[in-house]
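A.B. asks: structure-v7.pdb (PDB, C-alpha atoms) pasted underneath:
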ATOM      1  CA  MET W   1       1.429  22.111  -4.487
ATOM      2  CA  THR W   2       4.655  23.442  -2.993
ATOM      3  CA  THR W   3       7.807  22.232  -4.684
ATOM      4  CA  VAL W   4      10.632  21.070  -2.452
ATOM      5  CA  ALA W   5      13.891  22.143  -3.999
ATOM      6  CA  ALA W   6      16.785  19.742  -3.953
ATOM      7  CA  PRO W   7      19.695  20.723  -1.704
ATOM      8  CA  ALA W   8      21.958  23.209  -3.444
ATOM      9  CA  THR W   9      24.818  20.926  -4.336
ATOM     10  CA  ASN W  10      26.830  19.475  -7.158
ATOM     11  CA  VAL W  11      25.973  15.788  -6.819
ATOM     12  CA  SER W  12      28.922  14.650  -8.899
ATOM     13  CA  ALA W  13      31.345  16.656  -6.775
ATOM     14  CA  ALA W  14      29.717  15.317  -3.611
ATOM     15  CA  SER W  15      30.054  11.769  -4.852
ATOM     16  CA  ARG W  16      33.797  12.261  -5.305
ATOM     17  CA  ARG W  17      34.121  13.223  -1.649
ATOM     18  CA  GLN W  18      32.919   9.970  -0.151
ATOM     19  CA  LEU W  19      32.104  10.071   3.530
ATOM     20  CA  ARG W  20      33.694   7.395   5.630
ATOM     21  CA  ARG W  21      31.097   4.857   6.713
ATOM     22  CA  ASN W  22      30.055   5.188  10.346
ATOM     23  CA  ASP W  23      28.994   1.822  11.793
ATOM     24  CA  LEU W  24      27.673   3.516  14.946
ATOM     25  CA  LEU W  25      24.770   4.984  13.001
ATOM     26  CA  GLN W  26      21.429   3.441  13.966
ATOM     27  CA  PRO W  27      17.893   4.561  14.883
ATOM     28  CA  PHE W  28      17.694   6.673  18.026
ATOM     29  CA  LEU W  29      14.046   5.710  18.650
ATOM     30  CA  LYS W  30      11.956   2.558  18.758
ATOM     31  CA  TRP W  31       9.473   2.690  15.903
ATOM     32  CA  ALA W  32       6.451   0.682  14.794
ATOM     33  CA  GLY W  33       7.255  -0.714  11.354
ATOM     34  CA  GLY W  34      10.975   0.024  11.721
ATOM     35  CA  LYS W  35      13.145  -1.736   9.145
ATOM     36  CA  ARG W  36      16.218  -2.794  11.140
ATOM     37  CA  GLN W  37      15.318  -6.502  10.896
ATOM     38  CA  LEU W  38      14.753  -6.252   7.130
ATOM     39  CA  ILE W  39      17.945  -4.338   6.280
ATOM     40  CA  PRO W  40      19.802  -7.381   4.811
ATOM     41  CA  VAL W  41      16.860  -8.037   2.469
ATOM     42  CA  ILE W  42      16.288  -4.397   1.562
ATOM     43  CA  ARG W  43      19.981  -4.068   0.733
ATOM     44  CA  LYS W  44      19.491  -6.591  -2.094
ATOM     45  CA  TYR W  45      17.004  -4.252  -3.782
ATOM     46  CA  VAL W  46      18.885  -0.981  -3.468
ATOM     47  CA  PRO W  47      19.837   0.179  -6.987
ATOM     48  CA  LYS W  48      23.447  -0.238  -8.023
ATOM     49  CA  LYS W  49      23.847   3.490  -8.614
ATOM     50  CA  PHE W  50      21.771   6.529  -7.780
ATOM     51  CA  LYS W  51      22.142  10.283  -7.406
ATOM     52  CA  MET W  52      20.084  11.779  -4.582
ATOM     53  CA  TYR W  53      18.220   9.799  -1.933
ATOM     54  CA  PHE W  54      14.626  10.579  -0.939
ATOM     55  CA  GLU W  55      12.714   9.060   1.979
ATOM     56  CA  PRO W  56       9.265  10.643   2.481
ATOM     57  CA  PHE W  57       8.254   8.474   5.489
ATOM     58  CA  VAL W  58      11.607   8.322   7.258
ATOM     59  CA  GLY W  59      10.379   7.182  10.694
ATOM     60  CA  ALA W  60      13.308   6.108  12.858
ATOM     61  CA  GLY W  61      15.645   6.114   9.849
ATOM     62  CA  ALA W  62      16.904   2.507   9.762
ATOM     63  CA  VAL W  63      17.338   2.476   5.972
ATOM     64  CA  LEU W  64      18.762   6.008   5.877
ATOM     65  CA  PHE W  65      21.391   5.157   8.486
ATOM     66  CA  GLU W  66      22.269   1.897   6.751
ATOM     67  CA  LEU W  67      22.751   3.454   3.307
ATOM     68  CA  GLN W  68      24.274   6.718   4.565
ATOM     69  CA  PRO W  69      23.697   8.562   1.260
ATOM     70  CA  GLN W  70      25.811  11.593   0.441
ATOM     71  CA  VAL W  71      22.858  13.804  -0.529
ATOM     72  CA  ALA W  72      19.344  13.232   0.784
ATOM     73  CA  ILE W  73      15.928  14.684   1.508
ATOM     74  CA  VAL W  74      14.273  12.984   4.488
ATOM     75  CA  ASN W  75      10.721  13.773   5.435
ATOM     76  CA  ASP W  76       7.952  12.755   7.764
ATOM     77  CA  ALA W  77       4.553  14.288   8.509
ATOM     78  CA  ASN W  78       5.168  13.709  12.227
ATOM     79  CA  GLN W  79       6.422  17.105  13.347
ATOM     80  CA  GLU W  80       7.630  15.981  16.785
ATOM     81  CA  LEU W  81       9.710  13.247  15.168
ATOM     82  CA  MET W  82      11.322  15.605  12.676
ATOM     83  CA  ASN W  83      11.992  18.105  15.439
ATOM     84  CA  CYS W  84      14.130  15.343  17.005
ATOM     85  CA  TYR W  85      16.143  15.044  13.777
ATOM     86  CA  ARG W  86      16.711  18.794  13.634
ATOM     87  CA  VAL W  87      17.756  19.036  17.285
ATOM     88  CA  ILE W  88      20.127  16.081  16.950
ATOM     89  CA  LYS W  89      21.659  17.717  13.899
ATOM     90  CA  ASP W  90      21.962  21.206  15.396
ATOM     91  CA  ASP W  91      22.439  20.740  19.151
ATOM     92  CA  PRO W  92      23.109  17.138  20.223
ATOM     93  CA  GLU W  93      24.930  18.054  23.439
ATOM     94  CA  ALA W  94      22.036  20.188  24.688
ATOM     95  CA  LEU W  95      19.667  17.303  23.946
ATOM     96  CA  ILE W  96      21.853  14.778  25.782
ATOM     97  CA  ALA W  97      22.099  17.130  28.768
ATOM     98  CA  ASP W  98      18.333  17.713  28.879
ATOM     99  CA  THR W  99      17.514  13.992  28.900
ATOM    100  CA  GLN W 100      19.459  13.592  32.157
ATOM    101  CA  LYS W 101      16.617  15.260  34.077
ATOM    102  CA  HIS W 102      14.083  12.523  33.286
ATOM    103  CA  ARG W 103      13.009   9.966  35.898
ATOM    104  CA  ASN W 104      11.706   6.482  35.256
ATOM    105  CA  THR W 105       8.614   6.649  37.463
ATOM    106  CA  LYS W 106       4.959   6.296  36.596
ATOM    107  CA  GLU W 107       4.030   9.649  38.105
ATOM    108  CA  TYR W 108       6.785  11.515  36.245
ATOM    109  CA  TYR W 109       5.909   9.734  32.986
ATOM    110  CA  TYR W 110       2.232  10.704  33.067
ATOM    111  CA  ASN W 111       3.021  14.277  34.087
ATOM    112  CA  LEU W 112       5.370  14.642  31.125
ATOM    113  CA  ARG W 113       2.991  12.835  28.778
ATOM    114  CA  SER W 114       0.173  15.229  29.686
ATOM    115  CA  LEU W 115       2.162  18.302  28.650
ATOM    116  CA  ASP W 116       0.781  18.189  25.109
ATOM    117  CA  CYS W 117      -2.696  18.742  26.598
ATOM    118  CA  ASP W 118      -1.479  22.010  28.128
ATOM    119  CA  ILE W 119      -1.970  25.295  26.339
ATOM    120  CA  GLY W 120       1.661  26.150  27.042
ATOM    121  CA  PHE W 121       3.060  23.088  25.265
ATOM    122  CA  GLN W 122       3.988  25.022  22.123
ATOM    123  CA  SER W 123       6.106  27.345  24.233
ATOM    124  CA  LEU W 124       8.542  24.508  24.945
ATOM    125  CA  GLY W 125      11.792  24.893  23.063
ATOM    126  CA  PRO W 126      12.899  22.400  20.386
ATOM    127  CA  VAL W 127      15.412  20.710  22.706
ATOM    128  CA  GLU W 128      12.819  20.168  25.446
ATOM    129  CA  ARG W 129      10.307  18.787  22.956
ATOM    130  CA  ALA W 130      12.856  16.389  21.465
ATOM    131  CA  SER W 131      13.987  15.277  24.919
ATOM    132  CA  ARG W 132      10.362  14.644  25.920
ATOM    133  CA  ILE W 133       9.598  12.524  22.852
ATOM    134  CA  ILE W 134      12.743  10.427  23.247
ATOM    135  CA  TYR W 135      11.980   9.852  26.940
ATOM    136  CA  LEU W 136       8.357   8.878  26.271
ATOM    137  CA  ASN W 137       9.405   6.569  23.430
ATOM    138  CA  LYS W 138      11.981   4.748  25.562
ATOM    139  CA  THR W 139       9.752   4.370  28.629
ATOM    140  CA  CYS W 140       6.255   3.898  27.172
ATOM    141  CA  TYR W 141       4.613   0.528  26.661
ATOM    142  CA  ASN W 142       6.351  -1.392  23.880
ATOM    143  CA  GLY W 143       8.040   1.654  22.364
ATOM    144  CA  LEU W 144       4.998   2.861  20.446
ATOM    145  CA  PHE W 145       4.456   6.339  19.074
ATOM    146  CA  ARG W 146       0.721   6.938  19.094
ATOM    147  CA  VAL W 147      -1.475  10.004  19.395
ATOM    148  CA  ASN W 148      -5.245  10.323  19.764
ATOM    149  CA  SER W 149      -7.610  12.321  17.543
ATOM    150  CA  GLN W 150      -6.593  15.534  19.341
ATOM    151  CA  GLY W 151      -2.916  14.859  18.682
ATOM    152  CA  HIS W 152      -2.079  13.947  22.280
ATOM    153  CA  PHE W 153       0.418  11.189  23.043
ATOM    154  CA  ASN W 154      -1.610   8.404  24.699
ATOM    155  CA  VAL W 155       0.602   5.317  25.152
ATOM    156  CA  PRO W 156       0.668   4.003  28.764
ATOM    157  CA  PHE W 157       3.748   3.734  30.965
ATOM    158  CA  GLY W 158       5.959   0.759  30.116
ATOM    159  CA  LYS W 159       7.225  -0.235  33.594
ATOM    160  CA  TYR W 160      10.788  -0.976  32.443
ATOM    161  CA  SER W 161      13.247  -1.455  35.297
ATOM    162  CA  ASN W 162      16.240   0.374  33.820
ATOM    163  CA  PRO W 163      15.576   1.787  30.327
ATOM    164  CA  VAL W 164      18.329   3.566  28.397
ATOM    165  CA  ILE W 165      16.710   6.917  27.680
ATOM    166  CA  VAL W 166      19.372   8.209  25.330
ATOM    167  CA  ASP W 167      22.392   6.478  23.840
ATOM    168  CA  GLU W 168      24.919   9.297  23.695
ATOM    169  CA  VAL W 169      27.131   7.458  21.201
ATOM    170  CA  VAL W 170      24.228   6.995  18.782
ATOM    171  CA  ILE W 171      23.018  10.595  19.152
ATOM    172  CA  ARG W 172      26.492  11.921  18.361
ATOM    173  CA  ALA W 173      26.900   9.530  15.433
ATOM    174  CA  VAL W 174      23.552  10.606  13.946
ATOM    175  CA  SER W 175      24.471  14.260  14.442
ATOM    176  CA  TRP W 176      27.807  13.705  12.715
ATOM    177  CA  TYR W 177      26.138  12.097   9.705
ATOM    178  CA  LEU W 178      23.365  14.691   9.349
ATOM    179  CA  ASN W 179      26.035  17.405   9.277
ATOM    180  CA  ALA W 180      28.728  15.623   7.260
ATOM    181  CA  ALA W 181      26.298  14.608   4.515
ATOM    182  CA  GLN W 182      23.959  17.010   2.756
ATOM    183  CA  VAL W 183      20.665  16.065   4.383
ATOM    184  CA  GLN W 184      17.578  18.236   4.081
ATOM    185  CA  ILE W 185      14.906  17.613   6.772
ATOM    186  CA  SER W 186      11.255  18.395   6.070
ATOM    187  CA  THR W 187       7.759  17.811   7.489
ATOM    188  CA  ASP W 188       5.690  17.956   4.320
ATOM    189  CA  ASP W 189       3.067  15.765   2.748
ATOM    190  CA  PHE W 190       4.843  12.899   0.967
ATOM    191  CA  GLU W 191       3.857  14.165  -2.487
ATOM    192  CA  THR W 192       5.380  17.564  -1.766
ATOM    193  CA  ALA W 193       8.512  15.969  -0.308
ATOM    194  CA  LEU W 194       9.025  14.005  -3.542
ATOM    195  CA  SER W 195       8.297  16.851  -5.948
ATOM    196  CA  GLY W 196      12.002  17.550  -6.491
ATOM    197  CA  ALA W 197      13.024  13.959  -7.314
ATOM    198  CA  SER W 198      14.385  13.511 -10.824
ATOM    199  CA  ARG W 199      15.956  10.960 -13.157
ATOM    200  CA  GLY W 200      18.521   8.747 -11.464
ATOM    201  CA  ASP W 201      17.411   9.559  -7.907
ATOM    202  CA  PHE W 202      16.496   6.741  -5.491
ATOM    203  CA  VAL W 203      13.264   6.932  -3.502
ATOM    204  CA  TYR W 204      12.612   4.541  -0.623
ATOM    205  CA  ILE W 205       8.974   4.583   0.470
ATOM    206  CA  ASP W 206       7.870   3.040   3.772
ATOM    207  CA  PRO W 207       4.361   4.398   4.420
ATOM    208  CA  PRO W 208       1.875   3.380   7.102
ATOM    209  CA  TYR W 209       0.970  -0.122   5.945
ATOM    210  CA  ASP W 210      -2.303  -1.264   4.465
ATOM    211  CA  PRO W 211      -3.972  -3.115   7.390
ATOM    212  CA  LEU W 212      -4.049  -6.910   7.283
ATOM    213  CA  SER W 213      -7.504  -6.862   8.870
ATOM    214  CA  ASP W 214     -10.210  -4.423   9.911
ATOM    215  CA  THR W 215      -8.856  -4.447  13.471
ATOM    216  CA  SER W 216      -5.132  -4.172  12.735
ATOM    217  CA  SER W 217      -4.978  -0.669  11.277
ATOM    218  CA  PHE W 218      -2.474   1.597  13.027
ATOM    219  CA  THR W 219      -3.752   5.132  12.504
ATOM    220  CA  GLY W 220      -2.388   6.897  15.578
ATOM    221  CA  TYR W 221       1.033   7.718  14.159
ATOM    222  CA  ASN W 222      -0.035  11.284  13.524
ATOM    223  CA  LEU W 223      -3.276  13.257  13.233
ATOM    224  CA  ASN W 224      -3.864  12.306   9.605
ATOM    225  CA  SER W 225      -4.738   8.640   9.181
ATOM    226  CA  PHE W 226      -3.366   6.953   6.064
ATOM    227  CA  ASP W 227      -6.252   5.027   4.533
ATOM    228  CA  ARG W 228      -6.690   3.307   1.174
ATOM    229  CA  ASP W 229      -7.303   6.617  -0.548
ATOM    230  CA  GLY W 230      -3.856   7.581   0.729
ATOM    231  CA  GLN W 231      -2.444   4.319  -0.672
ATOM    232  CA  ARG W 232      -4.024   5.064  -4.061
ATOM    233  CA  ARG W 233      -2.585   8.587  -4.058
ATOM    234  CA  LEU W 234       0.808   7.123  -3.162
ATOM    235  CA  LYS W 235       0.530   4.706  -6.109
ATOM    236  CA  ASN W 236      -0.139   7.658  -8.432
ATOM    237  CA  VAL W 237       2.966   9.368  -7.068
ATOM    238  CA  CYS W 238       4.985   6.174  -7.666
ATOM    239  CA  ASP W 239       3.732   6.113 -11.252
ATOM    240  CA  ASP W 240       4.786   9.740 -11.678
ATOM    241  CA  LEU W 241       8.220   9.058 -10.161
ATOM    242  CA  THR W 242       8.603   6.155 -12.589
ATOM    243  CA  ARG W 243       7.760   8.443 -15.527
ATOM    244  CA  ARG W 244      10.402  10.879 -14.250
ATOM    245  CA  GLY W 245      13.054   8.159 -14.309
ATOM    246  CA  CYS W 246      13.385   7.776 -10.532
ATOM    247  CA  LYS W 247      14.267   4.443  -8.944
ATOM    248  CA  VAL W 248      11.502   3.582  -6.476
ATOM    249  CA  LEU W 249      11.531   0.909  -3.767
ATOM    250  CA  HIS W 250       8.359   0.593  -1.715
ATOM    251  CA  SER W 251       7.609  -1.499   1.395
ATOM    252  CA  ASN W 252       4.047  -2.429   2.330
ATOM    253  CA  SER W 253       1.945  -5.223   3.768
ATOM    254  CA  ALA W 254       1.166  -8.355   1.764
ATOM    255  CA  THR W 255      -2.520  -7.633   1.184
ATOM    256  CA  GLU W 256      -4.466  -8.304  -1.995
ATOM    257  CA  PHE W 257      -5.255  -4.601  -2.191
ATOM    258  CA  ILE W 258      -1.552  -3.671  -2.430
ATOM    259  CA  ARG W 259      -0.810  -6.547  -4.822
ATOM    260  CA  ASP W 260      -3.606  -5.394  -7.117
ATOM    261  CA  LEU W 261      -2.547  -1.762  -6.883
ATOM    262  CA  TYR W 262       0.972  -2.565  -8.168
ATOM    263  CA  SER W 263       0.023  -5.468 -10.459
ATOM    264  CA  ASP W 264       1.278  -3.819 -13.667
ATOM    265  CA  LYS W 265       4.363  -5.995 -14.374
ATOM    266  CA  ARG W 266       5.512  -3.590 -17.069
ATOM    267  CA  LYS W 267       6.246  -1.085 -14.278
ATOM    268  CA  TYR W 268       6.678  -2.993 -11.037
ATOM    269  CA  THR W 269       8.185  -6.146  -9.592
ATOM    270  CA  ILE W 270       6.705  -7.446  -6.320
ATOM    271  CA  VAL W 271       8.795  -9.566  -3.962
ATOM    272  CA  GLU W 272       7.296 -11.166  -0.847
ATOM    273  CA  VAL W 273       9.616 -11.226   2.164
ATOM    274  CA  GLU W 274       9.332 -12.413   5.735
ATOM    275  CA  ALA W 275       9.711  -9.738   8.384
ATOM    276  CA  THR W 276       9.843  -9.785  12.169
ATOM    277  CA  ARG W 277       7.298  -7.609  13.912
ATOM    278  CA  ASN W 278       8.629  -6.583  17.332
ATOM    279  CA  ILE W 279       6.193  -3.789  18.187
ATOM    280  CA  ASN W 280       2.532  -4.667  18.549
ATOM    281  CA  SER W 281       0.021  -3.841  21.248
ATOM    282  CA  VAL W 282      -0.908  -7.537  21.443
ATOM    283  CA  GLY W 283       1.997  -9.801  22.350
ATOM    284  CA  THR W 284       0.660 -12.776  20.414
ATOM    285  CA  SER W 285       0.617 -10.687  17.228
ATOM    286  CA  ARG W 286       4.398 -10.239  17.242
ATOM    287  CA  GLY W 287       6.652 -12.507  15.227
ATOM    288  CA  LYS W 288       7.081 -13.374  11.551
ATOM    289  CA  ILE W 289       4.810 -11.756   9.007
ATOM    290  CA  SER W 290       4.825 -11.441   5.213
ATOM    291  CA  GLU W 291       5.550  -8.053   3.670
ATOM    292  CA  LEU W 292       6.025  -6.816   0.121
ATOM    293  CA  LEU W 293       8.957  -5.057  -1.480
ATOM    294  CA  ILE W 294       7.900  -3.355  -4.707
ATOM    295  CA  PHE W 295      10.343  -1.754  -7.138
ATOM    296  CA  ASN W 296       9.962  -0.185 -10.566
ATOM    297  CA  ASN W 297      12.147  -2.577 -12.527
ATOM    298  CA  TYR W 298      15.529  -0.896 -12.126
ATOM    299  CA  ASP W 299      18.773  -2.883 -11.936
ATOM    300  CA  VAL W 300      19.312  -4.267  -8.438
ATOM    301  CA  ARG W 301      22.553  -5.342  -6.825
TER     302      ARG W 301
END
In structure tokens, how does this file's structure come out?
C.D. replies:
Amino acid sequence: MTTVAAPATNVSAASRRQLRRNDLLQPFLKWAGGKRQLIPVIRKYVPKKFKMYFEPFVGAGAVLFELQPQVAIVNDANQELMNCYRVIKDDPEALIADTQKHRNTKEYYYNLRSLDCDIGFQSLGPVERASRIIYLNKTCYNGLFRVNSQGHFNVPFGKYSNPVIVDEVVIRAVSWYLNAAQVQISTDDFETALSGASRGDFVYIDPPYDPLSDTSSFTGYNLNSFDRDGQRRLKNVCDDLTRRGCKVLHSNSATEFIRDLYSDKRKYTIVEVEATRNINSVGTSRGKISELLIFNNYDVR
């Protein structure tokens, strides 16, 4: 297993140089399972104090951008997503300029979507790839990110009359934060991404959720589906983080499998919360749904 080193920094010195809070920070993509609606609840379970921040399934970054930690490692196995983070950090103006070329038509959408089936797709530069993903996300049906077994984006056209492809204010705010704070961006397996976490660090874990039914599993987020063996491996990592003295907060679905997995009350507290699901392929399946917040018995606010 490859060890991810923590950013080279003096955490105590960094903490003395507090960044000013930027209220313009918010997710730059729509994202299945995004946590914007749950932020007020999640805030209640953020530890009072912590050193570094780790988020191994960062997704659209709602919790990251709410907490705005001084020192962080953010990770996701979705390489196209993390390319967006890197481009926004390194070259936001080039990204904003490139998105201006996109057109909100069905023909243009499917032509751009099909690029990842082309042998020359990997020759696209990082800015073009990030621009493509943001465009597809903002114009596809219901803002899903889904790929098929070959790794090809396969969500249909959304038919929105006037979608905002890129919010320049948000892109610049995200770029400012990623540069002003000490944020390391990686595309590793979650276990590798967490290998550098140590005592006093805070880890927020928001993995692909355990499905509520046999037909509700969402496995098209990336090429590697996250099944119950993945959930069990994640639980073992949570146990190891707990032994290391890390403060772990974990979101997941309110299934009996997850409840049983984290049933050891000596280690974990489980809180059931009500969340709003805004992204679902079936309109009648959107709305309020129970989720679990699980934390390893640290002091909360």
A.B. asks: Residue by residue, what does the PyMOL selection byres ((chain W and resi 152-154) around 10) grab here? Present the result as a PDB file with C-alpha atoms, keeping the file's coordinate frame.
C.D. replies:
ATOM      1  CA  TYR W 110       2.232  10.704  33.067  1.00  0.00           C
ATOM      2  CA  ARG W 113       2.991  12.835  28.778  1.00  0.00           C
ATOM      3  CA  SER W 114       0.173  15.229  29.686  1.00  0.00           C
ATOM      4  CA  LEU W 115       2.162  18.302  28.650  1.00  0.00           C
ATOM      5  CA  ASP W 116       0.781  18.189  25.109  1.00  0.00           C
ATOM      6  CA  CYS W 117      -2.696  18.742  26.598  1.00  0.00           C
ATOM      7  CA  ASP W 118      -1.479  22.010  28.128  1.00  0.00           C
ATOM      8  CA  ILE W 133       9.598  12.524  22.852  1.00  0.00           C
ATOM      9  CA  LEU W 136       8.357   8.878  26.271  1.00  0.00           C
ATOM     10  CA  CYS W 140       6.255   3.898  27.172  1.00  0.00           C
ATOM     11  CA  LEU W 144       4.998   2.861  20.446  1.00  0.00           C
ATOM     12  CA  PHE W 145       4.456   6.339  19.074  1.00  0.00           C
ATOM     13  CA  ARG W 146       0.721   6.938  19.094  1.00  0.00           C
ATOM     14  CA  VAL W 147      -1.475  10.004  19.395  1.00  0.00           C
ATOM     15  CA  ASN W 148      -5.245  10.323  19.764  1.00  0.00           C
ATOM     16  CA  SER W 149      -7.610  12.321  17.543  1.00  0.00           C
ATOM     17  CA  GLN W 150      -6.593  15.534  19.341  1.00  0.00           C
ATOM     18  CA  GLY W 151      -2.916  14.859  18.682  1.00  0.00           C
ATOM     19  CA  VAL W 155       0.602   5.317  25.152  1.00  0.00           C
ATOM     20  CA  PRO W 156       0.668   4.003  28.764  1.00  0.00           C
ATOM     21  CA  PHE W 157       3.748   3.734  30.965  1.00  0.00           C
ATOM     22  CA  GLY W 220      -2.388   6.897  15.578  1.00  0.00           C
ATOM     23  CA  TYR W 221       1.033   7.718  14.159  1.00  0.00           C
ATOM     24  CA  ASN W 222      -0.035  11.284  13.524  1.00  0.00           C
ATOM     25  CA  LEU W 223      -3.276  13.257  13.233  1.00  0.00           C
TER      26      LEU W 223
END
A.B. asks: Written as a list in words, what is the full residue list that the PyMOL selection byres ((chain W and resi 170-182) around 7) yields on the file shown?
C.D. replies: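 Evaluating the PyMOL selection byres ((chain W and resi 170-182) around 7) on this file yields Leu24, Leu25, Gln26, Phe28, Gln70, Val71, Ala72, Ile88, Lys89, Pro92, Asp167, Glu168, Val169, Val183 and Gln184 of chain W.
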A.B. asks: Between W:Glu80, W:Arg21, W:Asp239, W:Ser195, which has the minimum distance to Phe121 of chain W (counting only C-alpha atoms)?
C.D. replies: W:Glu80
A.B. asks: Quick one: which residues end up in the PyMOL selection byres ((chain W and resi 199) around 9) for this structure, as a list of chain:residue names?
C.D. replies: W:Lys51, W:Ala197, W:Ser198, W:Gly200, W:Asp201, W:Phe202, W:Leu241, W:Thr242, W:Arg243, W:Arg244, W:Gly245, W:Cys246, W:Lys247
A.B. asks: Go through W:Pro40, W:Gly61, W:Pro163, W:Pro47 one by one, measure the shortest atom-to-atom distance of each to Pro27 of chain W using all atoms listed in the file, and give the residue with the smallest value.
C.D. replies: W:Gly61
A.B. asks: For Tyr204 of chain W, which residue out of W:Phe295, W:Phe65, W:Tyr268, W:Tyr108 is the nearest one, using all atoms listed in the file?
C.D. replies: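 Distance minimum relative to Tyr204 of chain W lands on W:Phe295.
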A.B. asks: Would you work out the distance separating atom CA of Thr192 of chain W from atom CA of Lys235 of chain W, expressed in Å to one decimal?
C.D. replies: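 Between atom CA of Thr192 of chain W and atom CA of Lys235 of chain W the gap is 14.4 Å.
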A.B. asks: Between W:Leu81, W:Leu67, W:Val248, W:Val273, which is the closest to Leu19 of chain W once you count all atoms listed in the file?
C.D. replies: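 Smallest separation from Leu19 of chain W among the options: W:Leu67.
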A.B. asks: What is the atom CA of Asp188 of chain W-atom CA of Gly33 of chain W distance in Å, reported with one decimal?
C.D. replies: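 Calculated distance between atom CA of Asp188 of chain W and atom CA of Gly33 of chain W is 20.0 Å.
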A.B. asks: If you measure from atom CA of Ser213 of chain W to atom CA of Asn252 of chain W, what distance in Å do you get, rounded to one decimal?
C.D. replies: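 Separating atom CA of Ser213 of chain W from atom CA of Asn252 of chain W is a distance of 14.0 Å.
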A.B. asks: May I have the residues within 9 Å of Met82 of chain W as an MDAnalysis selection string, using only C-alpha atoms and disregarding those fewer than 3 positions away in the same chain?
C.D. replies: chainID W and resid 59 75:79 85:87 130 185:187
A.B. asks: Name the closest residue to Asp206 of chain W among the candidates W:Val58, W:Val271, W:Ile134, W:Ile165; distances are taken between atoms, counting all atoms listed in the file.
C.D. replies: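 Checking each candidate against Asp206 of chain W, we get W:Val58 as the closest.
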A.B. asks: I need the residue nearest Leu292 of chain W from this list: W:Trp31, W:Tyr141, W:Tyr45, W:Tyr135. Use all atoms listed in the file for the distance.
C.D. replies: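 Going through W:Trp31, W:Tyr141, W:Tyr45, W:Tyr135 one by one, the smallest distance to Leu292 of chain W is for W:Tyr45.
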A.B. asks: Please write out, as JSON, where the centre of an axis-aligned box around all listed atoms of segment 287-293 of chain W lies and how long its edges are, in Å to one decimal, after adding 6 Å on each side.
C.D. replies:
{"center_x": 6.9, "center_y": -9.2, "center_z": 6.9, "size_x": 16.1, "size_y": 20.3, "size_z": 28.7}
